[in-house]
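S.K.: This structure is in structure tokens; I'll ask about it shortly.
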Amino acid sequence: MDIRYIEENRLFVLETENTSYIMGIVDEEGFLGHFYYGDRIDPRDSSYVLNLIEPEYTPGTNGRDRSSFLDRFPFEYSGSNVGDYRNDSINITDHNGNGSVLLCYDSHEIFKGKKKLEGLPAAFGNENDTMSLEITLIDKIIGLKAVLSYSIFDGLDVIARSVRLENTSDYPIMLNKVMSMTMDMDNENYQLLTLYGSWARERMMDFRPIGYGDTLVESFRGESSHQFQPFMALVRNGDSQDTGKTYGFSFIYSGNFQAGVCRSQFDSLRLYMGICEKNFRWKLEKGKCFQAPEVILNYSPCGLGKMTRTFHDLFRNHLIRSPYKDKERPILINNWEATYFNFDSEKLLAIAKEAKKSGIEMLVMDDGWFGERNDDNSSLGDWYVNENKLKGGLKKLVDDINEIGLRFGIWMEPEMISPKSRLYEEHPDWAIQVEGRVPCRSRNQLVLDLTRQEVFEYVYDRIKDVLSSANIEYLKWDMNRQLTDLGSLWLDSDRKGELSHRYMLAVYDLQERLVTDFPDLLLENCSGGGARFDAGMLYYSPQIWCSDDTDAIERLKIQEGTALVFPLSTMGAHVSDCPNHTVGRTTPFNTRGDVALSGTFGYELDITGISRKDREAIKEQVENYHKFSDIYRNGDYYRLASYQRNHEFDAWMVVSKDKKRALLTCVQVVAAPNGKKRVLKLDGLDKNMDYRIADSNMRILGSTLKSAGLQIDMPAGDYQSKLIYLSSEE
Ligand code: DGJ
């Protein structure tokens, strides 16, 4: 990896192991252009890409056609209202009410390591494995600086990009829109891949053509959302796992976002990603900075598979900080689907005793242990133990659970307030609301205005009190509604547009304090299932609850879409009871286990009420987890078949980094009549190693398994699964 500035041609060249990213300064005005991103170009030819733009158009040689230049030049970070009519990188209003901005080269710096992004989650690296470039652009007329940051990481084909704005004028500048990155490139018949969804149906894959004008996804719900993921990819060969140029982008941010492509009249593309311009305004005072969140750019010359594995490696090695990231996570049993709100200490202890016999390691007490919370209509904010349910208090329960031999975890929803709560009686003004308008309830709750210091401190103190009151080793941090009524009772009118972003910064601040004060805590983020499953949250918690849909078959689609971007070790996945509470489907117990094994793995059922056979099966699943969890946690992921697209059959494989061990999971969703033969071409194995296939005596070379494939004999029936272990060691 290397970053260079070639003075002679005024070019910046970023080289990762297999990619080059080239920018250049053009004309005496210093326009910064984006010239190339793709397969690595020999350094001797870096300046060649300069010839591919059309210099005769630069204003320095043809001022008469300035607008033709501005409207087609591949800007690295465009201005607005100056002649470029494509979707802009930034939009402002200056103190005179004007909105023109044009940012040109001022200076740059190349250094080892990577700076932190103040108040925000971001990829990290040290002086040995990371290099960074900062290019400062300036608009001298309005007094605005934009520092574009780029970091590259040893052995990884990614670039982390972000922007920091600084007001160098004597007046405030209103920021109406700040993209974290825009990138202009030629259209080569790409399709746009995004992830869409809904509650219990998160991260479904959607491919669509890129038409003229804008094609985008966004969230302005105050969280990354069930509906769209802050991710997009340009793909050449549709869903091919191993062919076709693929550009992936993931936003390290958990709030409002927009991600899209603008196709111009000249058939060029401008890609963009950043905080959603809807519900965003930021008053940048004289001398102040605004830091936009970071985007990860990930180019794969060979399809989605490599893009996925690169994201996984980056997130595992340069984003997740938790000490748990390299550790086997405790196998937990969560009482939500077992009891919902209807539990007491006796019930939890009964679950714990039975769980212990099966080898489960932690009990997580979900919603309903505090205030007068017997359903979802009350008590959020009243984080005091309900002693009618937990007789003798929380510490007694935790001690008893520990005595049984299980660790203990707890659920909280710190950001919320129920109108029916002591907290609301005392502080009705603490809820986010527009003065004079009754705020919109969702799940009968409102959102606390965490941007107010006293609210922030109250919330943090409650979390700290609860966690310090007993031996609590895990926290599920839930958030069950989206933001509405974006009003603030304390921000000035010209700052009210800052609320959504300030809210997100406050959530990050809370979680930063939490992981600092409780470094050994296992934190799992959650939002009504998976509405905050994003790279931002991974900076604080090594795992995130994937979806409230625990049905093994629905999970195939949800986990495929999630694993497209995120490592398996981050996907909260549990075995639940049947008929499934969300879709009413009944699936075999081992299928539920095999699917959950590809995530964090745990249980979400009343273990005291299931059959003896299922309880015995848990022991076997627990054994598999201990045997294989390191492969799932650290290995390389290969998608072999997609039920989401073929509507019949799903298969994926995880291969250990040394390629000596691998696990293949196959799920036959719909049984095929008349003996349809299934042969899967296995990927990711070492072609020269021979592998023993599961418990058979067959030993086959990796190259043969890739070329000729492996025949999979599935048990008869719908929803059947098979877990096949391949080892070159046994
Ligand atoms: C939504 C979560 O996704 C569930 O797992 C559960 O914790 C409920 N909230 C509790 O209210």
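Going through the structure tokens in order, the chains are called A, B, and so on, while each chain numbers its residues from 1 and the ligands are numbered from 1 in the order shown.
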As a list in words, please: every protein or nucleic acid residue near ligand 1 (cut-off 7 Å, counting only C-alpha atoms and all ligand atoms).
M.R.: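 Final answer, ordered by chain and number: Trp336, Asp366, Asp367, Asp376, Trp411, Asp478, Asn480, Cys526, Ser527, Gly528, Gly529, Trp545, Ser547 and Asp548 of chain A.
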S.K.: Would you write out, as JSON lines, a table of all residues in stretch 360-431 of chain A that have an atom no more than 10 Å from an atom of stretch 329-332 of chain A, listing for each the closest atom pair and the distance in Å to one decimal, considering only C-alpha atoms and ordering rows by chain and rising residue number?
M.R.:
{"residue": "A:Ile360", "atom": "CA", "partner": "A:Ile331", "partner_atom": "CA", "distance": 5.4}
{"residue": "A:Glu361", "atom": "CA", "partner": "A:Ile331", "partner_atom": "CA", "distance": 5.2}
{"residue": "A:Met362", "atom": "CA", "partner": "A:Leu332", "partner_atom": "CA", "distance": 4.4}
{"residue": "A:Leu363", "atom": "CA", "partner": "A:Leu332", "partner_atom": "CA", "distance": 5.6}
{"residue": "A:Val364", "atom": "CA", "partner": "A:Leu332", "partner_atom": "CA", "distance": 6.7}
{"residue": "A:Leu406", "atom": "CA", "partner": "A:Leu332", "partner_atom": "CA", "distance": 9.0}
{"residue": "A:Arg407", "atom": "CA", "partner": "A:Pro330", "partner_atom": "CA", "distance": 8.4}
{"residue": "A:Phe408", "atom": "CA", "partner": "A:Leu332", "partner_atom": "CA", "distance": 8.9}
{"residue": "A:Gly409", "atom": "CA", "partner": "A:Leu332", "partner_atom": "CA", "distance": 8.6}
S.K.: When DSSP is applied to the backbone of this structure, which of stretch 99-133 of chain A are assigned strand (DSSP E)? Write them out as a list of chain:residue names.
M.R.: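 So, restricting stretch 99-133 of chain A to strand (DSSP E), we get A:Cys104, A:Tyr105, A:Asp106, A:Ser107, A:His108, A:Glu109, A:Ile110, A:Phe111, A:Lys112, A:Thr130, A:Met131, A:Ser132, A:Leu133.
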S.K.: Between stretch 68-94 of chain A and stretch 266-287 of chain A, at 9 Å or less, what are the per-residue closest atom pairs and their distances in Å? Count only C-alpha atoms, order by chain and rising residue number, and return it as a Markdown table.
M.R.:
| residue | atom | partner | partner_atom | distance |
| --- | --- | --- | --- | --- |
| A:Arg72 | CA | A:Phe266 | CA | 7.4 |
| A:Pro74 | CA | A:Arg270 | CA | 8.3 |
| A:Phe75 | CA | A:Arg270 | CA | 8.9 |
| A:Arg86 | CA | A:Arg270 | CA | 7.6 |
| A:Asn87 | CA | A:Arg270 | CA | 7.4 |
| A:Asp88 | CA | A:Tyr272 | CA | 8.7 |
| A:Ser89 | CA | A:Tyr272 | CA | 7.5 |
S.K.: With all heavy atoms retained, export the selected residues as an mmCIF file, in the first residue's frame.
M.R.:
data_model
loop_
_atom_site.group_PDB
_atom_site.id
_atom_site.type_symbol
_atom_site.label_atom_id
_atom_site.label_comp_id
_atom_site.auth_asym_id
_atom_site.auth_seq_id
_atom_site.Cartn_x
_atom_site.Cartn_y
_atom_site.Cartn_z
ATOM 1 N N ARG A 72 -19.310 18.788 -16.475
ATOM 2 C CA ARG A 72 -18.883 17.432 -16.844
ATOM 3 C C ARG A 72 -17.562 17.013 -16.230
ATOM 4 O O ARG A 72 -17.168 15.850 -16.324
ATOM 5 C CB ARG A 72 -18.878 17.246 -18.366
ATOM 6 C CG ARG A 72 -17.721 17.887 -19.101
ATOM 7 C CD ARG A 72 -17.986 17.966 -20.587
ATOM 8 N NE ARG A 72 -18.131 16.652 -21.198
ATOM 9 C CZ ARG A 72 -18.582 16.473 -22.451
ATOM 10 N NH1 ARG A 72 -18.948 17.501 -23.181
ATOM 11 N NH2 ARG A 72 -18.656 15.282 -22.964
ATOM 12 N N PRO A 74 -15.021 15.508 -13.753
ATOM 13 C CA PRO A 74 -15.245 14.515 -12.690
ATOM 14 C C PRO A 74 -14.737 15.026 -11.338
ATOM 15 O O PRO A 74 -13.638 14.699 -10.899
ATOM 16 C CB PRO A 74 -14.442 13.309 -13.172
ATOM 17 C CG PRO A 74 -13.363 13.873 -14.031
ATOM 18 C CD PRO A 74 -13.917 15.120 -14.660
ATOM 19 N N PHE A 75 -15.554 15.816 -10.677
ATOM 20 C CA PHE A 75 -15.128 16.432 -9.416
ATOM 21 C C PHE A 75 -14.945 15.405 -8.313
ATOM 22 O O PHE A 75 -15.772 14.514 -8.137
ATOM 23 C CB PHE A 75 -16.173 17.443 -8.942
ATOM 24 C CG PHE A 75 -16.050 18.779 -9.592
ATOM 25 C CD1 PHE A 75 -16.915 19.163 -10.597
ATOM 26 C CD2 PHE A 75 -15.051 19.652 -9.190
ATOM 27 C CE1 PHE A 75 -16.792 20.397 -11.196
ATOM 28 C CE2 PHE A 75 -14.923 20.902 -9.784
ATOM 29 C CZ PHE A 75 -15.801 21.275 -10.794
ATOM 30 N N ARG A 86 -25.155 18.519 -11.650
ATOM 31 C CA ARG A 86 -25.370 17.174 -11.102
ATOM 32 C C ARG A 86 -25.608 17.284 -9.600
ATOM 33 O O ARG A 86 -25.383 18.333 -8.995
ATOM 34 C CB ARG A 86 -24.142 16.301 -11.403
ATOM 35 C CG ARG A 86 -23.948 16.040 -12.883
ATOM 36 C CD ARG A 86 -22.547 15.576 -13.204
ATOM 37 N NE ARG A 86 -21.555 16.631 -13.016
ATOM 38 C CZ ARG A 86 -20.257 16.479 -13.210
ATOM 39 N NH1 ARG A 86 -19.784 15.305 -13.591
ATOM 40 N NH2 ARG A 86 -19.421 17.486 -13.026
ATOM 41 N N ASN A 87 -26.044 16.181 -9.028
ATOM 42 C CA ASN A 87 -26.327 16.191 -7.591
ATOM 43 C C ASN A 87 -25.062 16.613 -6.833
ATOM 44 O O ASN A 87 -24.005 16.007 -6.987
ATOM 45 C CB ASN A 87 -26.761 14.775 -7.173
ATOM 46 C CG ASN A 87 -27.652 14.829 -5.967
ATOM 47 O OD1 ASN A 87 -27.500 15.697 -5.116
ATOM 48 N ND2 ASN A 87 -28.592 13.915 -5.892
ATOM 49 N N ASP A 88 -25.148 17.654 -6.013
ATOM 50 C CA ASP A 88 -23.941 18.247 -5.451
ATOM 51 C C ASP A 88 -23.425 17.542 -4.203
ATOM 52 O O ASP A 88 -24.152 16.882 -3.492
ATOM 53 C CB ASP A 88 -24.147 19.743 -5.161
ATOM 54 C CG ASP A 88 -25.514 20.033 -4.561
ATOM 55 O OD1 ASP A 88 -26.130 19.104 -4.009
ATOM 56 O OD2 ASP A 88 -25.969 21.188 -4.638
ATOM 57 N N SER A 89 -22.128 17.761 -3.938
ATOM 58 C CA SER A 89 -21.517 17.174 -2.743
ATOM 59 C C SER A 89 -21.874 17.982 -1.507
ATOM 60 O O SER A 89 -21.921 17.443 -0.401
ATOM 61 C CB SER A 89 -19.991 17.166 -2.870
ATOM 62 O OG SER A 89 -19.583 16.621 -4.089
#
S.K.: Please identify every residue of stretch 520-630 of chain A that has at least one atom no farther than 7 Å from an atom of stretch 214-229 of chain A, counting only C-alpha atoms, and for each give the shortest atom pair and the distance in Å to one decimal, arranged by chain then increasing number, as a tab-separated table.
M.R.:
residue	atom	partner	partner_atom	distance
A:Gly530	CA	A:His226	CA	6.3
A:Ala531	CA	A:Ser225	CA	4.2
A:Arg532	CA	A:Ser224	CA	5.5
A:Asp534	CA	A:Ser224	CA	6.9
S.K.: Could you tell me how far atom CA of A:Ile631 lies from atom CA of A:Leu568, in Å and to one decimal?
M.R.: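 One can read the atom CA of A:Ile631 to atom CA of A:Leu568 distance as 10.0 Å.
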S.K.: Which residues come within 9 Å of A:Leu538, counting only C-alpha atoms, excluding same-chain residues fewer than 4 positions away, as a list in words?
M.R.: Pro121, Ile252, Phe315, Leu319, Ile320, Arg321, Ser322, Asn525, Phe533, Asp534, Pro542, Gln543, Ile544 and Thr570 of chain A
S.K.: Could those residues be written to a file, using all heavy atoms, as a short mmCIF file (atom, residue, chain, number, x, y, z; two decimals), in the first residue's frame?
M.R.:
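Output (selection_35.cif):
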data_model
loop_
_atom_site.label_atom_id
_atom_site.label_comp_id
_atom_site.auth_asym_id
_atom_site.auth_seq_id
_atom_site.Cartn_x
_atom_site.Cartn_y
_atom_site.Cartn_z
N PRO A 121 -18.10 7.12 15.07
CA PRO A 121 -17.43 5.85 14.83
C PRO A 121 -16.67 5.92 13.51
O PRO A 121 -17.10 6.63 12.59
CB PRO A 121 -18.61 4.87 14.71
CG PRO A 121 -19.78 5.70 14.29
CD PRO A 121 -19.56 7.06 14.89
N ILE A 252 -20.40 4.42 7.69
CA ILE A 252 -20.21 4.13 9.11
C ILE A 252 -21.02 5.16 9.91
O ILE A 252 -20.48 6.10 10.51
CB ILE A 252 -18.72 4.13 9.50
CG1 ILE A 252 -17.95 3.20 8.55
CG2 ILE A 252 -18.52 3.70 10.94
CD1 ILE A 252 -16.51 2.97 8.90
N PHE A 315 -14.11 -4.75 8.77
CA PHE A 315 -14.89 -4.51 9.98
C PHE A 315 -14.32 -5.29 11.17
O PHE A 315 -14.28 -4.78 12.29
CB PHE A 315 -16.36 -4.87 9.74
CG PHE A 315 -17.05 -3.94 8.76
CD1 PHE A 315 -18.15 -4.34 8.03
CD2 PHE A 315 -16.59 -2.65 8.57
CE1 PHE A 315 -18.78 -3.49 7.12
CE2 PHE A 315 -17.20 -1.78 7.66
CZ PHE A 315 -18.30 -2.20 6.94
N LEU A 319 -12.66 -1.98 12.71
CA LEU A 319 -13.84 -1.21 13.15
C LEU A 319 -14.35 -1.69 14.51
O LEU A 319 -14.63 -0.88 15.39
CB LEU A 319 -14.96 -1.30 12.10
CG LEU A 319 -16.20 -0.47 12.44
CD1 LEU A 319 -15.87 1.02 12.45
CD2 LEU A 319 -17.35 -0.73 11.47
N ILE A 320 -14.47 -3.00 14.66
CA ILE A 320 -15.00 -3.52 15.92
C ILE A 320 -13.89 -3.45 16.97
O ILE A 320 -12.78 -3.94 16.74
CB ILE A 320 -15.48 -4.98 15.75
CG1 ILE A 320 -16.53 -5.05 14.64
CG2 ILE A 320 -16.04 -5.52 17.06
CD1 ILE A 320 -16.96 -6.45 14.27
N ARG A 321 -14.22 -2.81 18.10
CA ARG A 321 -13.18 -2.65 19.11
C ARG A 321 -13.36 -3.58 20.30
O ARG A 321 -12.46 -3.76 21.09
CB ARG A 321 -13.18 -1.20 19.62
CG ARG A 321 -12.93 -0.16 18.56
CD ARG A 321 -13.11 1.24 19.11
NE ARG A 321 -14.48 1.47 19.56
CZ ARG A 321 -14.86 2.52 20.29
NH1 ARG A 321 -13.98 3.41 20.65
NH2 ARG A 321 -16.13 2.67 20.64
N SER A 322 -14.57 -4.10 20.45
CA SER A 322 -14.89 -4.87 21.65
C SER A 322 -13.89 -6.01 21.89
O SER A 322 -13.49 -6.68 20.94
CB SER A 322 -16.28 -5.47 21.50
OG SER A 322 -16.47 -6.50 22.42
N ASN A 525 -26.33 -4.30 20.19
CA ASN A 525 -27.31 -3.30 19.79
C ASN A 525 -28.49 -3.98 19.10
O ASN A 525 -28.37 -5.09 18.58
CB ASN A 525 -26.67 -2.26 18.88
CG ASN A 525 -26.12 -1.09 19.66
OD1 ASN A 525 -26.88 -0.30 20.22
ND2 ASN A 525 -24.80 -1.00 19.77
N PHE A 533 -28.86 -2.09 12.26
CA PHE A 533 -27.76 -2.98 11.92
C PHE A 533 -26.91 -2.24 10.92
O PHE A 533 -27.19 -2.23 9.71
CB PHE A 533 -28.28 -4.30 11.33
CG PHE A 533 -27.30 -5.42 11.52
CD1 PHE A 533 -27.65 -6.56 12.21
CD2 PHE A 533 -26.01 -5.31 11.03
CE1 PHE A 533 -26.72 -7.58 12.41
CE2 PHE A 533 -25.08 -6.32 11.23
CZ PHE A 533 -25.45 -7.46 11.91
N ASP A 534 -25.88 -1.55 11.40
CA ASP A 534 -25.05 -0.76 10.50
C ASP A 534 -23.63 -0.71 11.03
O ASP A 534 -23.37 -1.08 12.19
CB ASP A 534 -25.65 0.65 10.33
CG ASP A 534 -25.83 1.35 11.66
OD1 ASP A 534 -24.81 1.62 12.33
OD2 ASP A 534 -26.99 1.64 12.05
N PRO A 542 -19.94 -5.57 19.30
CA PRO A 542 -19.43 -6.52 18.31
C PRO A 542 -20.54 -7.33 17.66
O PRO A 542 -20.30 -8.06 16.71
CB PRO A 542 -18.55 -7.44 19.16
CG PRO A 542 -19.16 -7.39 20.53
CD PRO A 542 -19.71 -6.01 20.68
N GLN A 543 -21.76 -7.20 18.17
CA GLN A 543 -22.88 -7.93 17.59
C GLN A 543 -24.15 -7.09 17.66
O GLN A 543 -24.29 -6.22 18.52
CB GLN A 543 -23.08 -9.28 18.29
CG GLN A 543 -23.33 -9.20 19.78
CD GLN A 543 -23.16 -10.56 20.46
OE1 GLN A 543 -22.09 -11.17 20.38
NE2 GLN A 543 -24.20 -11.04 21.12
N ILE A 544 -25.06 -7.35 16.74
CA ILE A 544 -26.30 -6.58 16.63
C ILE A 544 -27.42 -7.57 16.36
O ILE A 544 -27.26 -8.50 15.55
CB ILE A 544 -26.21 -5.55 15.48
CG1 ILE A 544 -24.98 -4.64 15.65
CG2 ILE A 544 -27.49 -4.72 15.40
CD1 ILE A 544 -24.71 -3.71 14.47
N THR A 570 -21.15 -10.84 13.72
CA THR A 570 -21.90 -9.68 14.20
C THR A 570 -23.41 -9.91 14.18
O THR A 570 -24.17 -9.09 14.69
CB THR A 570 -21.61 -8.44 13.31
OG1 THR A 570 -22.09 -8.69 11.98
CG2 THR A 570 -20.13 -8.12 13.27
#
S.K.: Report as a list in words all protein, DNA and RNA residues lying within 12 Å of A:Lys420, evaluated on only C-alpha atoms, omitting residues in the same chain fewer than 2 positions from it.
M.R.: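 Using only C-alpha atoms, the neighbours found are Gly371, Glu372, Arg373, Asp375, Asp376, Asn377, Ser378, Ser379, Leu380, Gly381, Asp382, Met416, Ile417, Ser418, Arg422, Leu423, Tyr424, Glu425, Glu426, His427, Pro428, Arg441, Asn444, Gln445 and Leu446 of chain A.
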S.K.: Give me a file of those residues, with N, CA, C and O atoms, as an mmCIF file, in the first residue's frame.
M.R.:
data_model
loop_
_atom_site.group_PDB
_atom_site.id
_atom_site.type_symbol
_atom_site.label_atom_id
_atom_site.label_comp_id
_atom_site.auth_asym_id
_atom_site.auth_seq_id
_atom_site.Cartn_x
_atom_site.Cartn_y
_atom_site.Cartn_z
ATOM 1 N N GLY A 371 -39.984 -0.829 36.461
ATOM 2 C CA GLY A 371 -41.190 0.000 36.596
ATOM 3 C C GLY A 371 -42.420 -0.861 36.758
ATOM 4 O O GLY A 371 -42.421 -1.833 37.532
ATOM 5 N N GLU A 372 -43.450 -0.514 35.991
ATOM 6 C CA GLU A 372 -44.658 -1.349 36.019
ATOM 7 C C GLU A 372 -44.901 -1.912 34.630
ATOM 8 O O GLU A 372 -46.013 -1.909 34.110
ATOM 9 N N ARG A 373 -43.862 -2.359 34.052
ATOM 10 C CA ARG A 373 -43.878 -2.782 32.644
ATOM 11 C C ARG A 373 -44.407 -4.216 32.536
ATOM 12 O O ARG A 373 -43.644 -5.186 32.630
ATOM 13 N N ASP A 375 -46.672 -4.756 29.898
ATOM 14 C CA ASP A 375 -46.904 -4.791 28.459
ATOM 15 C C ASP A 375 -46.117 -3.611 27.895
ATOM 16 O O ASP A 375 -45.364 -2.965 28.639
ATOM 17 N N ASP A 376 -46.319 -3.299 26.617
ATOM 18 C CA ASP A 376 -45.444 -2.247 26.078
ATOM 19 C C ASP A 376 -46.065 -0.846 26.177
ATOM 20 O O ASP A 376 -45.712 0.043 25.411
ATOM 21 N N ASN A 377 -46.971 -0.676 27.130
ATOM 22 C CA ASN A 377 -47.626 0.630 27.248
ATOM 23 C C ASN A 377 -47.044 1.536 28.316
ATOM 24 O O ASN A 377 -47.551 2.645 28.506
ATOM 25 N N SER A 378 -46.054 1.080 29.052
ATOM 26 C CA SER A 378 -45.607 1.941 30.149
ATOM 27 C C SER A 378 -44.140 1.757 30.517
ATOM 28 O O SER A 378 -43.463 0.850 30.025
ATOM 29 N N SER A 379 -43.691 2.664 31.371
ATOM 30 C CA SER A 379 -42.491 2.532 32.225
ATOM 31 C C SER A 379 -41.130 2.773 31.587
ATOM 32 O O SER A 379 -40.126 2.748 32.306
ATOM 33 N N LEU A 380 -41.068 2.986 30.272
ATOM 34 C CA LEU A 380 -39.737 3.263 29.721
ATOM 35 C C LEU A 380 -39.215 4.561 30.343
ATOM 36 O O LEU A 380 -39.926 5.566 30.384
ATOM 37 N N GLY A 381 -38.018 4.512 30.823
ATOM 38 C CA GLY A 381 -37.447 5.646 31.553
ATOM 39 C C GLY A 381 -37.352 5.359 33.040
ATOM 40 O O GLY A 381 -36.491 5.890 33.729
ATOM 41 N N ASP A 382 -38.259 4.489 33.557
ATOM 42 C CA ASP A 382 -38.239 4.156 34.993
ATOM 43 C C ASP A 382 -37.386 2.912 35.201
ATOM 44 O O ASP A 382 -37.905 1.802 35.380
ATOM 45 N N MET A 416 -35.665 5.912 25.335
ATOM 46 C CA MET A 416 -37.116 6.102 25.236
ATOM 47 C C MET A 416 -37.765 6.551 26.538
ATOM 48 O O MET A 416 -37.220 6.371 27.623
ATOM 49 N N ILE A 417 -38.975 7.047 26.376
ATOM 50 C CA ILE A 417 -39.787 7.433 27.532
ATOM 51 C C ILE A 417 -41.241 7.066 27.225
ATOM 52 O O ILE A 417 -41.746 7.348 26.130
ATOM 53 N N SER A 418 -41.895 6.396 28.188
ATOM 54 C CA SER A 418 -43.324 6.101 28.030
ATOM 55 C C SER A 418 -44.113 7.268 28.614
ATOM 56 O O SER A 418 -43.806 7.710 29.732
ATOM 57 N N ARG A 422 -43.146 7.365 35.556
ATOM 58 C CA ARG A 422 -42.809 8.392 36.558
ATOM 59 C C ARG A 422 -41.956 9.469 35.906
ATOM 60 O O ARG A 422 -42.108 10.655 36.159
ATOM 61 N N LEU A 423 -41.056 9.027 35.042
ATOM 62 C CA LEU A 423 -40.157 9.990 34.403
ATOM 63 C C LEU A 423 -40.946 11.023 33.599
ATOM 64 O O LEU A 423 -40.656 12.224 33.650
ATOM 65 N N TYR A 424 -41.971 10.561 32.889
ATOM 66 C CA TYR A 424 -42.743 11.488 32.063
ATOM 67 C C TYR A 424 -43.561 12.438 32.935
ATOM 68 O O TYR A 424 -43.715 13.624 32.605
ATOM 69 N N GLU A 425 -44.068 11.884 34.054
ATOM 70 C CA GLU A 425 -44.814 12.767 34.967
ATOM 71 C C GLU A 425 -43.934 13.925 35.419
ATOM 72 O O GLU A 425 -44.357 15.063 35.503
ATOM 73 N N GLU A 426 -42.669 13.595 35.698
ATOM 74 C CA GLU A 426 -41.750 14.642 36.182
ATOM 75 C C GLU A 426 -41.217 15.520 35.054
ATOM 76 O O GLU A 426 -40.999 16.711 35.235
ATOM 77 N N HIS A 427 -40.994 14.927 33.900
ATOM 78 C CA HIS A 427 -40.328 15.669 32.818
ATOM 79 C C HIS A 427 -41.001 15.462 31.468
ATOM 80 O O HIS A 427 -40.387 14.905 30.542
ATOM 81 N N PRO A 428 -42.236 15.886 31.316
ATOM 82 C CA PRO A 428 -42.884 15.700 30.014
ATOM 83 C C PRO A 428 -42.119 16.411 28.890
ATOM 84 O O PRO A 428 -42.182 16.015 27.732
ATOM 85 N N ARG A 441 -47.027 9.029 18.850
ATOM 86 C CA ARG A 441 -46.548 7.864 19.595
ATOM 87 C C ARG A 441 -46.331 6.690 18.653
ATOM 88 O O ARG A 441 -47.044 6.522 17.670
ATOM 89 N N ASN A 444 -46.583 3.137 21.610
ATOM 90 C CA ASN A 444 -46.976 3.923 22.795
ATOM 91 C C ASN A 444 -45.787 4.543 23.527
ATOM 92 O O ASN A 444 -45.780 4.626 24.760
ATOM 93 N N GLN A 445 -44.796 4.964 22.807
ATOM 94 C CA GLN A 445 -43.650 5.573 23.472
ATOM 95 C C GLN A 445 -43.137 6.776 22.691
ATOM 96 O O GLN A 445 -43.455 6.951 21.510
ATOM 97 N N LEU A 446 -42.357 7.588 23.383
ATOM 98 C CA LEU A 446 -41.746 8.770 22.776
ATOM 99 C C LEU A 446 -40.226 8.654 22.922
ATOM 100 O O LEU A 446 -39.734 7.811 23.676
#
S.K.: So how many Å separate atom CA of A:Ser47 and atom CA of A:Tyr77, to one decimal?
M.R.: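 If I compute the distance from atom CA of A:Ser47 to atom CA of A:Tyr77, I get 20.4 Å.
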S.K.: Where in stretch 56-285 of chain A does DSSP assign helix (DSSP H, G or I), given as a PyMOL selection string?
M.R.: chain A and resi 56-57+63-72
S.K.: Which of these residues is nearest to A:Lys114, using only C-alpha atoms: A:Val595, A:Leu394, A:Leu521, A:Ile152?
M.R.: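 Smallest separation from A:Lys114 among the options: A:Ile152.
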S.K.: Of the candidates A:Arg316, A:Arg452, A:His647, A:Lys395, which shows the shortest atom-to-atom distance to A:Asp465, using only C-alpha atoms?
M.R.: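 Residue with the minimum atom-to-atom distance to A:Asp465: A:Lys395.
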S.K.: Would you mind reading off the distance between atom CA of A:Thr704 and atom CA of A:Leu723, one decimal, in Å?
M.R.: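 Computing it gives 20.0 Å between the two atoms.
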S.K.: Write out as a list of chain:residue names which residues come within 9 Å of stretch 694-697 of chain A when counting only C-alpha atoms, dropping same-chain ones fewer than 4 positions away.
M.R.: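 The residues satisfying every condition are A:Leu723, A:Ile724, A:Tyr725, A:Leu726, A:Ser727.
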S.K.: Give me the residues near A:Lys496 as a list of chain:residue names, where near means some atom within 9 Å (using only C-alpha atoms) and where sequence neighbours in that chain fewer than 4 positions away do not count.
M.R.: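 Listed by chain and then number, they are A:Phe280, A:Arg281, A:Trp282, A:Leu486, A:Gly487, A:Ser488, A:Trp490, A:Leu491, A:Asp492, A:Ser500.
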S.K.: Need to verify the contact set: A:Asn167, 12 Å, only C-alpha atoms, exclusion of same-chain residues closer than 5 positions in sequence. Can you return it as a list in words?
M.R.: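 The residues that qualify are Ile92, Asp94, His95, Ile138, Asp139, Lys140, Ile141, Ile142, Gly143, Leu144, Lys145, Ala146, Val147, Pro172, Ile173, Met174, Leu175, Trp282, Lys283, Leu284, Glu285, Lys286, Gly287, Lys288, Cys289, Phe290 and Gln291 of chain A.
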S.K.: Could you check the closest approach to A:Lys327 for each of A:Ile3, A:Met571, A:Ile607, A:Leu522 and tell me which residue wins, using only C-alpha atoms?
M.R.: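 Between A:Ile3, A:Met571, A:Ile607, A:Leu522, the residue approaching A:Lys327 most closely is A:Leu522.
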